[in-house]
>>> print(open('query.txt').read())   # compact mmCIF, C-alpha atoms and all ligand atoms
# COMPACT_ATOMS: atom_id res chain seq x y z
CA MET A 1 0.00 0.00 0.00
CA TYR A 2 0.93 3.68 -0.06
CA ALA A 3 1.06 5.93 3.01
CA ILE A 4 2.24 9.38 3.93
CA THR A 5 5.57 8.99 5.68
CA ILE A 6 7.74 11.56 7.50
CA PRO A 7 11.37 10.65 6.68
CA GLU A 8 12.60 13.84 8.45
CA PRO A 9 10.49 16.21 10.60
CA GLY A 10 9.88 19.62 9.04
CA GLY A 11 7.47 21.76 7.05
CA PRO A 12 4.59 20.43 4.93
CA GLU A 13 7.13 19.16 2.35
CA ALA A 14 8.25 16.60 4.98
CA LEU A 15 5.13 14.55 4.09
CA VAL A 16 6.06 11.94 1.45
CA TRP A 17 3.64 9.51 -0.29
CA THR A 18 5.60 6.25 -0.13
CA GLU A 19 5.08 2.53 -0.73
CA VAL A 20 5.10 0.71 2.64
CA PRO A 21 4.12 -2.76 3.94
CA ASP A 22 0.40 -3.49 4.41
CA PRO A 23 -0.83 -3.59 8.04
CA VAL A 24 -1.77 -6.96 9.55
CA PRO A 25 -4.77 -7.12 11.92
CA GLY A 26 -3.77 -8.05 15.50
CA GLU A 27 -6.01 -9.53 18.20
CA GLY A 28 -9.20 -7.47 18.39
CA GLU A 29 -8.35 -5.45 15.26
CA VAL A 30 -9.74 -5.04 11.75
CA VAL A 31 -7.94 -3.69 8.70
CA VAL A 32 -9.83 -0.85 7.05
CA GLU A 33 -9.31 -0.04 3.38
CA VAL A 34 -9.21 3.73 3.74
CA VAL A 35 -11.42 5.90 1.53
CA ALA A 36 -10.64 9.17 3.31
CA SER A 37 -8.80 10.58 6.29
CA ALA A 38 -8.90 14.06 7.85
CA ILE A 39 -6.26 16.50 9.03
CA ASN A 40 -6.12 17.36 12.71
CA ARG A 41 -4.11 20.16 14.28
CA ALA A 42 -1.99 17.57 16.14
CA ASP A 43 -0.84 16.08 12.79
CA LEU A 44 1.07 19.33 12.18
CA LEU A 45 2.96 18.83 15.45
CA GLN A 46 3.70 15.19 14.58
CA ARG A 47 5.08 16.29 11.20
CA GLN A 48 7.34 18.81 12.98
CA GLY A 49 8.66 16.10 15.31
CA PHE A 50 6.88 17.40 18.46
CA TYR A 51 4.16 14.76 18.91
CA ASP A 52 5.23 11.15 18.57
CA PRO A 53 2.55 8.47 18.18
CA PRO A 54 1.91 6.47 21.38
CA PRO A 55 3.77 3.12 21.76
CA GLY A 56 2.36 0.44 19.45
CA ALA A 57 0.54 2.92 17.18
CA SER A 58 1.20 3.32 13.46
CA VAL A 59 4.06 5.74 12.79
CA TYR A 60 2.18 7.31 9.87
CA PRO A 61 0.07 10.40 10.64
CA GLY A 62 -3.73 10.40 10.64
CA MET A 63 -6.01 10.08 13.66
CA GLU A 64 -9.26 9.22 11.89
CA CYS A 65 -10.54 7.67 8.68
CA SER A 66 -13.51 6.29 6.81
CA GLY A 67 -13.51 3.23 4.57
CA ARG A 68 -14.49 -0.42 4.27
CA ILE A 69 -13.41 -3.34 6.43
CA ALA A 70 -11.00 -5.48 4.37
CA GLU A 71 -9.89 -8.03 7.00
CA VAL A 72 -11.15 -9.09 10.43
CA GLY A 73 -8.61 -10.23 13.03
CA PRO A 74 -9.11 -12.78 15.84
CA GLY A 75 -11.44 -11.81 18.70
CA VAL A 76 -13.43 -9.20 16.77
CA THR A 77 -17.21 -9.32 17.17
CA GLY A 78 -19.98 -7.31 15.54
CA TRP A 79 -18.10 -6.29 12.37
CA ALA A 80 -17.61 -8.03 9.00
CA VAL A 81 -15.59 -7.66 5.80
CA GLY A 82 -17.24 -5.05 3.55
CA ASP A 83 -18.82 -2.99 6.36
CA GLU A 84 -18.61 0.76 5.73
CA VAL A 85 -17.12 2.41 8.81
CA CYS A 86 -15.34 5.40 10.21
CA ALA A 87 -12.76 5.08 12.96
CA LEU A 88 -10.83 6.90 15.65
CA LEU A 89 -7.12 6.06 15.24
CA ALA A 90 -3.95 6.47 17.29
CA GLY A 91 -2.19 6.96 13.92
CA GLY A 92 -1.97 5.63 10.38
CA GLY A 93 -4.99 7.30 8.77
CA TYR A 94 -2.96 8.90 5.97
CA ALA A 95 -2.65 5.53 4.22
CA GLN A 96 -4.53 3.20 1.91
CA LYS A 97 -5.03 0.70 4.76
CA VAL A 98 -4.94 0.89 8.54
CA ALA A 99 -5.34 -1.59 11.42
CA VAL A 100 -7.92 -0.45 14.00
CA PRO A 101 -9.03 -1.85 17.38
CA TYR A 102 -12.69 -2.75 16.82
CA GLY A 103 -13.83 -0.65 19.81
CA GLN A 104 -12.82 2.44 17.84
CA LEU A 105 -15.08 1.68 14.86
CA LEU A 106 -18.36 3.44 14.14
CA PRO A 107 -20.87 2.72 11.38
CA VAL A 108 -21.23 5.44 8.75
CA PRO A 109 -24.29 7.43 9.89
CA LYS A 110 -27.30 7.06 7.55
CA GLY A 111 -27.43 9.98 5.14
CA ILE A 112 -23.71 10.82 5.41
CA GLU A 113 -21.39 10.05 2.47
CA LEU A 114 -18.60 7.58 3.18
CA VAL A 115 -15.92 10.19 2.33
CA HIS A 116 -17.47 12.80 4.63
CA ALA A 117 -17.67 10.33 7.53
CA ALA A 118 -13.87 10.73 7.84
CA ALA A 119 -14.57 14.17 9.32
CA LEU A 120 -16.49 12.76 12.28
CA PRO A 121 -14.55 10.52 14.71
CA GLU A 122 -12.07 13.04 16.22
CA VAL A 123 -14.45 15.97 16.56
CA THR A 124 -17.40 13.99 17.89
CA ALA A 125 -15.26 12.00 20.36
CA THR A 126 -13.36 15.06 21.58
CA VAL A 127 -16.41 17.29 21.96
CA TRP A 128 -18.66 14.63 23.46
CA SER A 129 -16.04 13.40 25.96
CA ASN A 130 -15.08 16.90 27.11
CA VAL A 131 -18.21 19.02 26.90
CA PHE A 132 -20.70 16.34 27.93
CA MET A 133 -18.96 13.42 29.73
CA VAL A 134 -16.50 15.60 31.71
CA ALA A 135 -18.04 19.09 31.88
CA HIS A 136 -21.70 17.94 31.82
CA LEU A 137 -23.10 20.83 29.77
CA ARG A 138 -26.83 21.04 30.43
CA PRO A 139 -29.76 22.56 28.51
CA GLY A 140 -30.04 26.29 29.17
CA GLU A 141 -26.36 26.64 30.12
CA THR A 142 -23.85 28.74 28.17
CA LEU A 143 -20.88 27.14 26.38
CA LEU A 144 -17.95 29.28 25.20
CA VAL A 145 -16.08 27.63 22.30
CA HIS A 146 -12.70 29.12 21.47
CA GLY A 147 -11.86 28.72 17.78
CA GLY A 148 -15.51 28.24 16.83
CA ALA A 149 -14.69 27.85 13.11
CA SER A 150 -12.18 25.02 13.68
CA GLY A 151 -12.94 21.38 12.99
CA ILE A 152 -13.61 20.92 16.70
CA GLY A 153 -15.47 24.22 17.06
CA THR A 154 -17.94 23.58 14.23
CA MET A 155 -19.00 20.31 15.89
CA ALA A 156 -19.07 21.80 19.41
CA ILE A 157 -21.46 24.57 18.32
CA GLN A 158 -23.89 22.11 16.72
CA LEU A 159 -23.88 19.57 19.56
CA ALA A 160 -24.36 22.23 22.23
CA LYS A 161 -27.26 23.76 20.30
CA ALA A 162 -28.79 20.31 19.79
CA VAL A 163 -29.00 19.80 23.56
CA GLY A 164 -30.48 23.26 24.11
CA ALA A 165 -27.46 25.22 25.35
CA ARG A 166 -26.55 28.79 24.43
CA VAL A 167 -23.26 29.05 22.51
CA ALA A 168 -20.64 31.79 22.44
CA VAL A 169 -17.67 31.50 20.08
CA THR A 170 -14.39 33.24 19.41
CA ALA A 171 -12.92 33.41 15.90
CA GLY A 172 -10.38 35.54 14.07
CA SER A 173 -12.54 37.13 11.37
CA ALA A 174 -16.06 38.37 10.60
CA GLN A 175 -16.42 35.73 7.86
CA LYS A 176 -15.60 32.91 10.26
CA LEU A 177 -17.96 34.32 12.89
CA GLU A 178 -20.71 34.41 10.27
CA ARG A 179 -20.14 30.70 9.54
CA CYS A 180 -20.38 30.01 13.29
CA ARG A 181 -23.66 31.95 13.41
CA GLU A 182 -25.03 29.83 10.54
CA LEU A 183 -24.20 26.72 12.60
CA GLY A 184 -26.20 28.11 15.53
CA ALA A 185 -23.77 30.22 17.60
CA ASP A 186 -25.58 32.94 19.56
CA ILE A 187 -22.72 35.15 20.78
CA LEU A 188 -19.95 36.03 18.30
CA ILE A 189 -16.60 37.41 19.50
CA ASN A 190 -13.71 38.45 17.24
CA TYR A 191 -10.62 37.61 19.29
CA HIS A 192 -8.50 40.12 17.37
CA GLU A 193 -10.79 43.04 18.17
CA GLN A 194 -12.77 42.20 21.29
CA ASP A 195 -12.12 41.09 24.87
CA PHE A 196 -13.98 37.80 25.21
CA VAL A 197 -14.48 38.18 28.98
CA ALA A 198 -16.15 41.59 28.63
CA GLU A 199 -18.24 40.51 25.63
CA LEU A 200 -19.45 37.36 27.33
CA LYS A 201 -20.27 39.21 30.53
CA GLN A 202 -22.35 41.73 28.63
CA ALA A 203 -24.14 39.14 26.50
CA THR A 204 -25.08 36.98 29.52
CA ASP A 205 -26.09 39.77 31.93
CA GLY A 206 -23.02 39.02 34.01
CA ALA A 207 -23.57 35.25 34.31
CA LYS A 208 -20.74 34.30 31.87
CA ALA A 209 -19.86 30.74 30.69
CA ASP A 210 -20.94 27.56 32.47
CA VAL A 211 -18.53 25.56 30.29
CA ILE A 212 -15.54 26.67 28.20
CA LEU A 213 -13.98 24.44 25.52
CA ASP A 214 -10.47 25.82 25.20
CA ASN A 215 -7.86 25.30 22.48
CA MET A 216 -5.38 27.93 23.70
CA GLY A 217 -4.08 26.64 27.06
CA ALA A 218 -1.71 28.95 28.92
CA LYS A 219 -2.40 32.11 26.92
CA TYR A 220 -6.10 32.12 27.87
CA LEU A 221 -5.93 30.48 31.32
CA GLY A 222 -6.37 33.64 33.41
CA ARG A 223 -9.05 35.13 31.18
CA ASN A 224 -10.85 31.80 30.92
CA VAL A 225 -11.12 31.65 34.71
CA ASP A 226 -12.51 35.21 34.62
CA ALA A 227 -15.00 34.16 31.93
CA LEU A 228 -16.38 31.23 34.00
CA ALA A 229 -19.75 31.42 35.74
CA VAL A 230 -20.23 30.22 39.32
CA ASN A 231 -19.88 26.41 39.18
CA GLY A 232 -18.18 26.84 35.78
CA ARG A 233 -16.10 24.12 34.12
CA LEU A 234 -13.07 24.89 31.94
CA ALA A 235 -12.16 21.99 29.61
CA VAL A 236 -8.73 22.47 28.04
CA ILE A 237 -8.15 20.39 24.91
CA GLY A 238 -5.48 22.36 23.06
CA LEU A 239 -2.25 24.15 23.94
CA GLN A 240 -1.92 26.50 20.94
CA GLY A 241 -1.04 29.30 23.41
CA GLY A 242 1.45 27.33 25.52
CA THR A 243 1.47 24.75 28.31
CA LYS A 244 2.42 26.66 31.46
CA GLY A 245 0.26 29.38 32.98
CA GLU A 246 -0.70 30.75 36.39
CA LEU A 247 -3.98 29.52 37.86
CA ASP A 248 -5.62 31.81 40.46
CA LEU A 249 -7.02 29.24 42.89
CA GLY A 250 -8.68 32.03 44.89
CA LYS A 251 -10.90 32.85 41.92
CA MET A 252 -11.54 29.16 41.27
CA LEU A 253 -12.50 28.56 44.90
CA ALA A 254 -14.83 31.58 45.04
CA LYS A 255 -16.61 30.33 41.89
CA ARG A 256 -16.52 26.64 42.89
CA ALA A 257 -15.00 26.14 39.44
CA ALA A 258 -13.20 23.18 37.85
CA VAL A 259 -10.46 22.92 35.25
CA THR A 260 -9.72 19.74 33.30
CA ALA A 261 -7.26 18.93 30.51
CA THR A 262 -7.53 15.81 28.37
CA SER A 263 -6.28 14.27 25.16
CA LEU A 264 -7.71 11.28 23.33
CA ARG A 265 -4.78 9.76 21.51
CA GLY A 266 -2.79 8.14 24.31
CA ARG A 267 -5.73 6.74 26.28
CA PRO A 268 -6.15 3.00 26.98
CA LEU A 269 -8.30 1.14 24.44
CA GLY A 270 -11.10 0.61 26.97
CA GLU A 271 -11.49 4.35 27.59
CA LYS A 272 -11.54 5.09 23.88
CA ALA A 273 -14.11 2.35 23.32
CA ALA A 274 -16.32 3.82 26.07
CA ILE A 275 -16.17 7.27 24.44
CA ILE A 276 -16.92 5.81 21.00
CA ALA A 277 -19.90 3.90 22.44
CA ALA A 278 -21.22 7.13 24.00
CA VAL A 279 -20.73 9.00 20.71
CA ARG A 280 -22.65 6.27 18.86
CA GLU A 281 -25.48 6.44 21.40
CA HIS A 282 -25.78 10.23 21.70
CA VAL A 283 -24.28 11.87 18.60
CA TRP A 284 -25.08 9.39 15.80
CA PRO A 285 -28.88 9.90 16.08
CA LEU A 286 -28.34 13.68 15.71
CA LEU A 287 -26.31 13.09 12.53
CA GLU A 288 -28.89 10.67 11.19
CA ASN A 289 -31.82 13.05 11.78
CA GLY A 290 -29.90 15.92 10.17
CA GLN A 291 -29.66 18.11 13.30
CA VAL A 292 -25.86 17.92 13.18
CA ARG A 293 -23.64 17.61 10.11
CA PRO A 294 -19.93 17.37 9.35
CA VAL A 295 -18.51 20.72 8.21
CA ILE A 296 -16.05 20.08 5.36
CA ASP A 297 -13.81 22.88 4.14
CA ARG A 298 -12.26 20.96 1.23
CA VAL A 299 -11.26 17.50 0.01
CA LEU A 300 -7.74 16.87 -1.35
CA PRO A 301 -5.92 13.79 -2.70
CA MET A 302 -4.02 12.11 0.14
CA ALA A 303 -0.77 12.27 -1.86
CA ASP A 304 -1.16 16.10 -1.57
CA ALA A 305 -1.38 16.02 2.24
CA ALA A 306 1.31 18.74 2.30
CA GLN A 307 -1.15 21.14 0.69
CA GLY A 308 -3.72 20.31 3.34
CA HIS A 309 -1.23 20.95 6.14
CA GLN A 310 -0.46 24.31 4.54
CA VAL A 311 -4.18 25.17 4.64
CA LEU A 312 -4.39 24.43 8.39
CA GLU A 313 -1.19 26.37 9.07
CA GLU A 314 -2.46 29.42 7.24
CA GLY A 315 -5.83 29.12 9.01
CA GLY A 316 -7.98 29.87 5.96
CA HIS A 317 -10.30 26.92 6.57
CA VAL A 318 -13.63 26.44 8.34
CA GLY A 319 -14.29 22.91 9.62
CA LYS A 320 -12.38 19.89 8.37
CA VAL A 321 -9.88 19.31 5.57
CA LEU A 322 -10.22 15.76 4.18
CA LEU A 323 -7.72 13.58 2.28
CA ILE A 324 -8.90 10.97 -0.23
CA ALA A 325 -6.76 7.82 -0.38
N1 LIG B 1 -7.34 17.02 23.41
C1 LIG B 1 -7.88 16.37 22.41
O1 LIG B 1 -8.25 15.21 22.53
C2 LIG B 1 -8.02 17.07 21.08
C3 LIG B 1 -8.52 16.38 19.97
C4 LIG B 1 -8.67 17.09 18.77
C5 LIG B 1 -8.30 18.44 18.72
N2 LIG B 1 -7.78 19.04 19.82
C6 LIG B 1 -7.38 20.46 19.79
O2 LIG B 1 -8.50 21.24 19.42
C7 LIG B 1 -8.05 22.40 18.72
C8 LIG B 1 -8.76 22.49 17.39
O3 LIG B 1 -8.31 21.41 16.59
P1 LIG B 1 -8.66 21.34 15.03
O4 LIG B 1 -8.02 20.12 14.50
O5 LIG B 1 -10.12 21.53 14.89
O6 LIG B 1 -7.81 22.59 14.49
P2 LIG B 1 -8.03 23.77 13.47
O7 LIG B 1 -9.24 23.51 12.61
O8 LIG B 1 -6.74 24.05 12.83
O9 LIG B 1 -8.39 24.99 14.43
C9 LIG B 1 -7.49 25.80 15.11
C10 LIG B 1 -8.30 26.98 15.63
O10 LIG B 1 -7.52 27.79 16.50
C11 LIG B 1 -8.13 29.05 16.47
N3 LIG B 1 -7.32 30.08 17.09
C12 LIG B 1 -6.07 30.51 16.75
N4 LIG B 1 -5.70 31.53 17.57
C13 LIG B 1 -6.74 31.74 18.41
C14 LIG B 1 -6.97 32.64 19.49
N5 LIG B 1 -6.04 33.54 19.87
N6 LIG B 1 -8.14 32.59 20.15
C15 LIG B 1 -9.10 31.68 19.81
N7 LIG B 1 -8.94 30.79 18.81
C16 LIG B 1 -7.77 30.82 18.14
C17 LIG B 1 -8.33 29.30 14.99
O11 LIG B 1 -9.31 30.31 14.84
P3 LIG B 1 -9.38 31.28 13.54
O12 LIG B 1 -9.19 30.37 12.36
O13 LIG B 1 -10.74 31.88 13.63
O14 LIG B 1 -8.27 32.26 13.67
C18 LIG B 1 -8.81 27.92 14.54
O15 LIG B 1 -10.22 27.86 14.52
C19 LIG B 1 -6.54 22.28 18.59
O16 LIG B 1 -5.94 23.01 19.61
C20 LIG B 1 -6.31 20.79 18.78
O17 LIG B 1 -5.02 20.50 19.25
C21 LIG B 1 -7.64 18.37 20.97
>>> encode(input="query.txt", output="structure tokens")
Amino acid sequence: MYAITIPEPGGPEALVWTEVPDPVPGEGEVVVEVVASAINRADLLQRQGFYDPPPGASVYPGMECSGRIAEVGPGVTGWAVGDEVCALLAGGGYAQKVAVPYGQLLPVPKGIELVHAAALPEVTATVWSNVFMVAHLRPGETLLVHGGASGIGTMAIQLAKAVGARVAVTAGSAQKLERCRELGADILINYHEQDFVAELKQATDGAKADVILDNMGAKYLGRNVDALAVNGRLAVIGLQGGTKGELDLGKMLAKRAAVTATSLRGRPLGEKAAIIAAVREHVWPLLENGQVRPVIDRVLPMADAAQGHQVLEEGGHVGKVLLIA
């Protein structure tokens, strides 16, 4: 098969479409013939040599895919050769085939094209596990999504609206904020021009955010704490603004607030399978009834993955960039 390899870490040109050995399904794994994969922000870090795959994972980039099951390994139940699936991966999605633990497989939701299903596993699993399983966003509460026009953000807006929450977003341009509004966002904040704490305070009559989904880490830590409501929950999922910040525990204590930080990739298989099962139970019906949809910015040939990485680096996209194998 062919896969995108990274012979030397570097810029987008470090991604090379190369012939490599086919994967073999291990115990509890299937091999998926990949139709499409999607680019995640973390793939850029892996390409630069700053985010190695966890032990045992494929060394090729790609944390999600859609395709058809080509082989079923020992100990797999509930899936058969030919099934159309999408999957959460620890790596290896930028390839024509990938081995996947069967607990990380999802059926392609009815009404969604097989190619577009590649946009779903990372964003649904990340948003559901953080906003709902950890931060317990409830109907009527306010969610602040930083980077509302990102792959993650476009799914977070839709899922929060689907459960009856109010959604505030930050984005870097009026055009991106308009796309967030079309997806259901109620409060639009341009992070270049506005102070998100002041804007949120004004828009919520002082109540502020019950839950914040944060991609910035250290850079926003202090202001995120200021933007939390009483009993607020800050869920950090990205560190685009650095890893080390100062946390004012006095403010946290006065608000009875909580801060969590999670990542999906390195988790034990059982935890990933539990998240995928919850996504199938809670998110798949919303995709199948059309309340929620994947937001696709563009679709590129997988051999041109470098071009896709360039798009994410320049930040001109809204939603997901897909790669066709
Ligand atoms: N922990 C996990 O399990 C997990 C899983 C998946 C993703 N993530 C994280 O989630 C984030 C989004 O991932 P993605 O793949 O969807 O990436 P993406 O589409 O490339 O999105 C990156 C976003 O960052 C936003 N941004 C840049 N500077 C900002 C600022 N100062 N304030 C607010 N937003 C800012 C950009 O907004 P504009 O384009 O509007 O400028 C853009 O929407 C990343 O940090 C990623 O690492 C975490």
>>> residues_near_ligand(input="query.txt", ligand="ligand LIG 1 (chain B)", cutoff="7 Å", atoms="only C-alpha atoms and all ligand atoms", output="number ranges by chain")
A: 39-42, 122-123, 126, 146-153, 170-173, 176, 191, 215-216, 237-240, 262-265, 312, 315-320
>>> write_last_selection(input="query.txt", atoms="C-alpha atoms", output="short mmCIF file (atom, residue, chain, number, x, y, z; two decimals), in the frame of the given file")
data_model
loop_
_atom_site.label_atom_id
_atom_site.label_comp_id
_atom_site.auth_asym_id
_atom_site.auth_seq_id
_atom_site.Cartn_x
_atom_site.Cartn_y
_atom_site.Cartn_z
CA ILE A 39 -6.26 16.50 9.03
CA ASN A 40 -6.12 17.36 12.71
CA ARG A 41 -4.11 20.16 14.28
CA ALA A 42 -1.99 17.57 16.14
CA GLU A 122 -12.07 13.04 16.22
CA VAL A 123 -14.45 15.97 16.56
CA THR A 126 -13.36 15.06 21.58
CA HIS A 146 -12.70 29.12 21.47
CA GLY A 147 -11.86 28.72 17.78
CA GLY A 148 -15.51 28.24 16.83
CA ALA A 149 -14.69 27.85 13.11
CA SER A 150 -12.18 25.02 13.68
CA GLY A 151 -12.94 21.38 12.99
CA ILE A 152 -13.61 20.92 16.70
CA GLY A 153 -15.47 24.22 17.06
CA THR A 170 -14.39 33.24 19.41
CA ALA A 171 -12.92 33.41 15.90
CA GLY A 172 -10.38 35.54 14.07
CA SER A 173 -12.54 37.13 11.37
CA LYS A 176 -15.60 32.91 10.26
CA TYR A 191 -10.62 37.61 19.29
CA ASN A 215 -7.86 25.30 22.48
CA MET A 216 -5.38 27.93 23.70
CA ILE A 237 -8.15 20.39 24.91
CA GLY A 238 -5.48 22.36 23.06
CA LEU A 239 -2.25 24.15 23.94
CA GLN A 240 -1.92 26.50 20.94
CA THR A 262 -7.53 15.81 28.37
CA SER A 263 -6.28 14.27 25.16
CA LEU A 264 -7.71 11.28 23.33
CA ARG A 265 -4.78 9.76 21.51
CA LEU A 312 -4.39 24.43 8.39
CA GLY A 315 -5.83 29.12 9.01
CA GLY A 316 -7.98 29.87 5.96
CA HIS A 317 -10.30 26.92 6.57
CA VAL A 318 -13.63 26.44 8.34
CA GLY A 319 -14.29 22.91 9.62
CA LYS A 320 -12.38 19.89 8.37
#
>>> atom_distance(input="query.txt", atom1="CA of Gly92 (chain A)", atom2="CA of Glu33 (chain A)")
11.6 Å
>>> closest_residue(input="query.txt", among="A:Arg47, A:Arg68, A:His309, A:Lys161", to="Ala118 (chain A)", atoms="only C-alpha atoms")
A:Arg68
>>> atom_distance(input="query.txt", atom1="CA of Trp79 (chain A)", atom2="CA of Val32 (chain A)")
11.2 Å
>>> atom_distance(input="query.txt", atom1="CA of Ala57 (chain A)", atom2="CA of Gly103 (chain A)")
15.0 Å
>>> residues_around(input="query.txt", residues="Asp22 (chain A)", least_positions_apart="5", cutoff="9 Å", atoms="only C-alpha atoms", output="ChimeraX atom specification")
/A:1-2,96-98
>>> closest_residue(input="query.txt", among="A:Gly28, A:Ala258, A:Gly75, A:Ala38", to="Arg298 (chain A)", atoms="only C-alpha atoms")
A:Ala38
>>> residues_near_point(input="query.txt", point="(9.9, 9.3, 10.7)", cutoff="9 Å", atoms="all atoms listed in the file", output="ChimeraX atom specification")
/A:5-9,47,49,59-60
>>> closest_residue(input="query.txt", among="A:Val295, A:Ala278, A:Ala261, A:Leu234", to="Gln158 (chain A)", atoms="all atoms listed in the file")
A:Val295
>>> residues_near_point(input="query.txt", point="(-9.5, 30.2, 26.4)", cutoff="12 Å", atoms="only C-alpha atoms", output="JSON, numbers by chain")
{"A": [143, 144, 145, 146, 147, 148, 168, 169, 170, 171, 191, 195, 196, 197, 209, 211, 212, 213, 214, 215, 216, 217, 218, 219, 220, 221, 222, 223, 224, 225, 226, 227, 228, 233, 234, 235, 236, 237, 238, 239, 240, 241, 242, 245, 259]}
>>> residues_around(input="query.txt", residues="Gly91 (chain A)", least_positions_apart="4", cutoff="10 Å", atoms="all atoms listed in the file", output="NGL selection string")
:A and (43 or 52-54 or 56-65 or 95 or 98-100 or 265)
>>> closest_residue(input="query.txt", among="A:Val20, A:Leu114, A:Leu45, A:Ala229", to="Ser66 (chain A)", atoms="only C-alpha atoms")
A:Leu114
>>> residues_around(input="query.txt", residues="Leu188 (chain A)", least_positions_apart="2", cutoff="9 Å", atoms="only C-alpha atoms", output="list of chain:residue names")
A:Val167, A:Ala168, A:Val169, A:Thr170, A:Ala171, A:Ala174, A:Leu177, A:Glu178, A:Cys180, A:Arg181, A:Ala185, A:Asp186, A:Asn190, A:Glu199
>>> write_last_selection(input="query.txt", atoms="C-alpha atoms", output="tab-separated table (two decimals), in the coordinates of the input")
chain	number	residue	atom	x	y	z
A	167	VAL	CA	-23.26	29.05	22.51
A	168	ALA	CA	-20.64	31.79	22.44
A	169	VAL	CA	-17.67	31.50	20.08
A	170	THR	CA	-14.39	33.24	19.41
A	171	ALA	CA	-12.92	33.41	15.90
A	174	ALA	CA	-16.06	38.37	10.60
A	177	LEU	CA	-17.96	34.32	12.89
A	178	GLU	CA	-20.71	34.41	10.27
A	180	CYS	CA	-20.38	30.01	13.29
A	181	ARG	CA	-23.66	31.95	13.41
A	185	ALA	CA	-23.77	30.22	17.60
A	186	ASP	CA	-25.58	32.94	19.56
A	190	ASN	CA	-13.71	38.45	17.24
A	199	GLU	CA	-18.24	40.51	25.63
>>> closest_residue(input="query.txt", among="A:Thr243, A:Ser129, A:Thr77, A:Gln291", to="Lys272 (chain A)", atoms="all atoms listed in the file")
A:Ser129
>>> residues_around(input="query.txt", residues="Ala273 (chain A)", least_positions_apart="6", cutoff="10 Å", atoms="all atoms listed in the file", output="ChimeraX atom specification")
/A:88,101-105,267,279
>>> closest_residue(input="query.txt", among="A:Ile296, A:Ala14, A:Val34, A:Ala119", to="Gln48 (chain A)", atoms="all atoms listed in the file")
A:Ala14
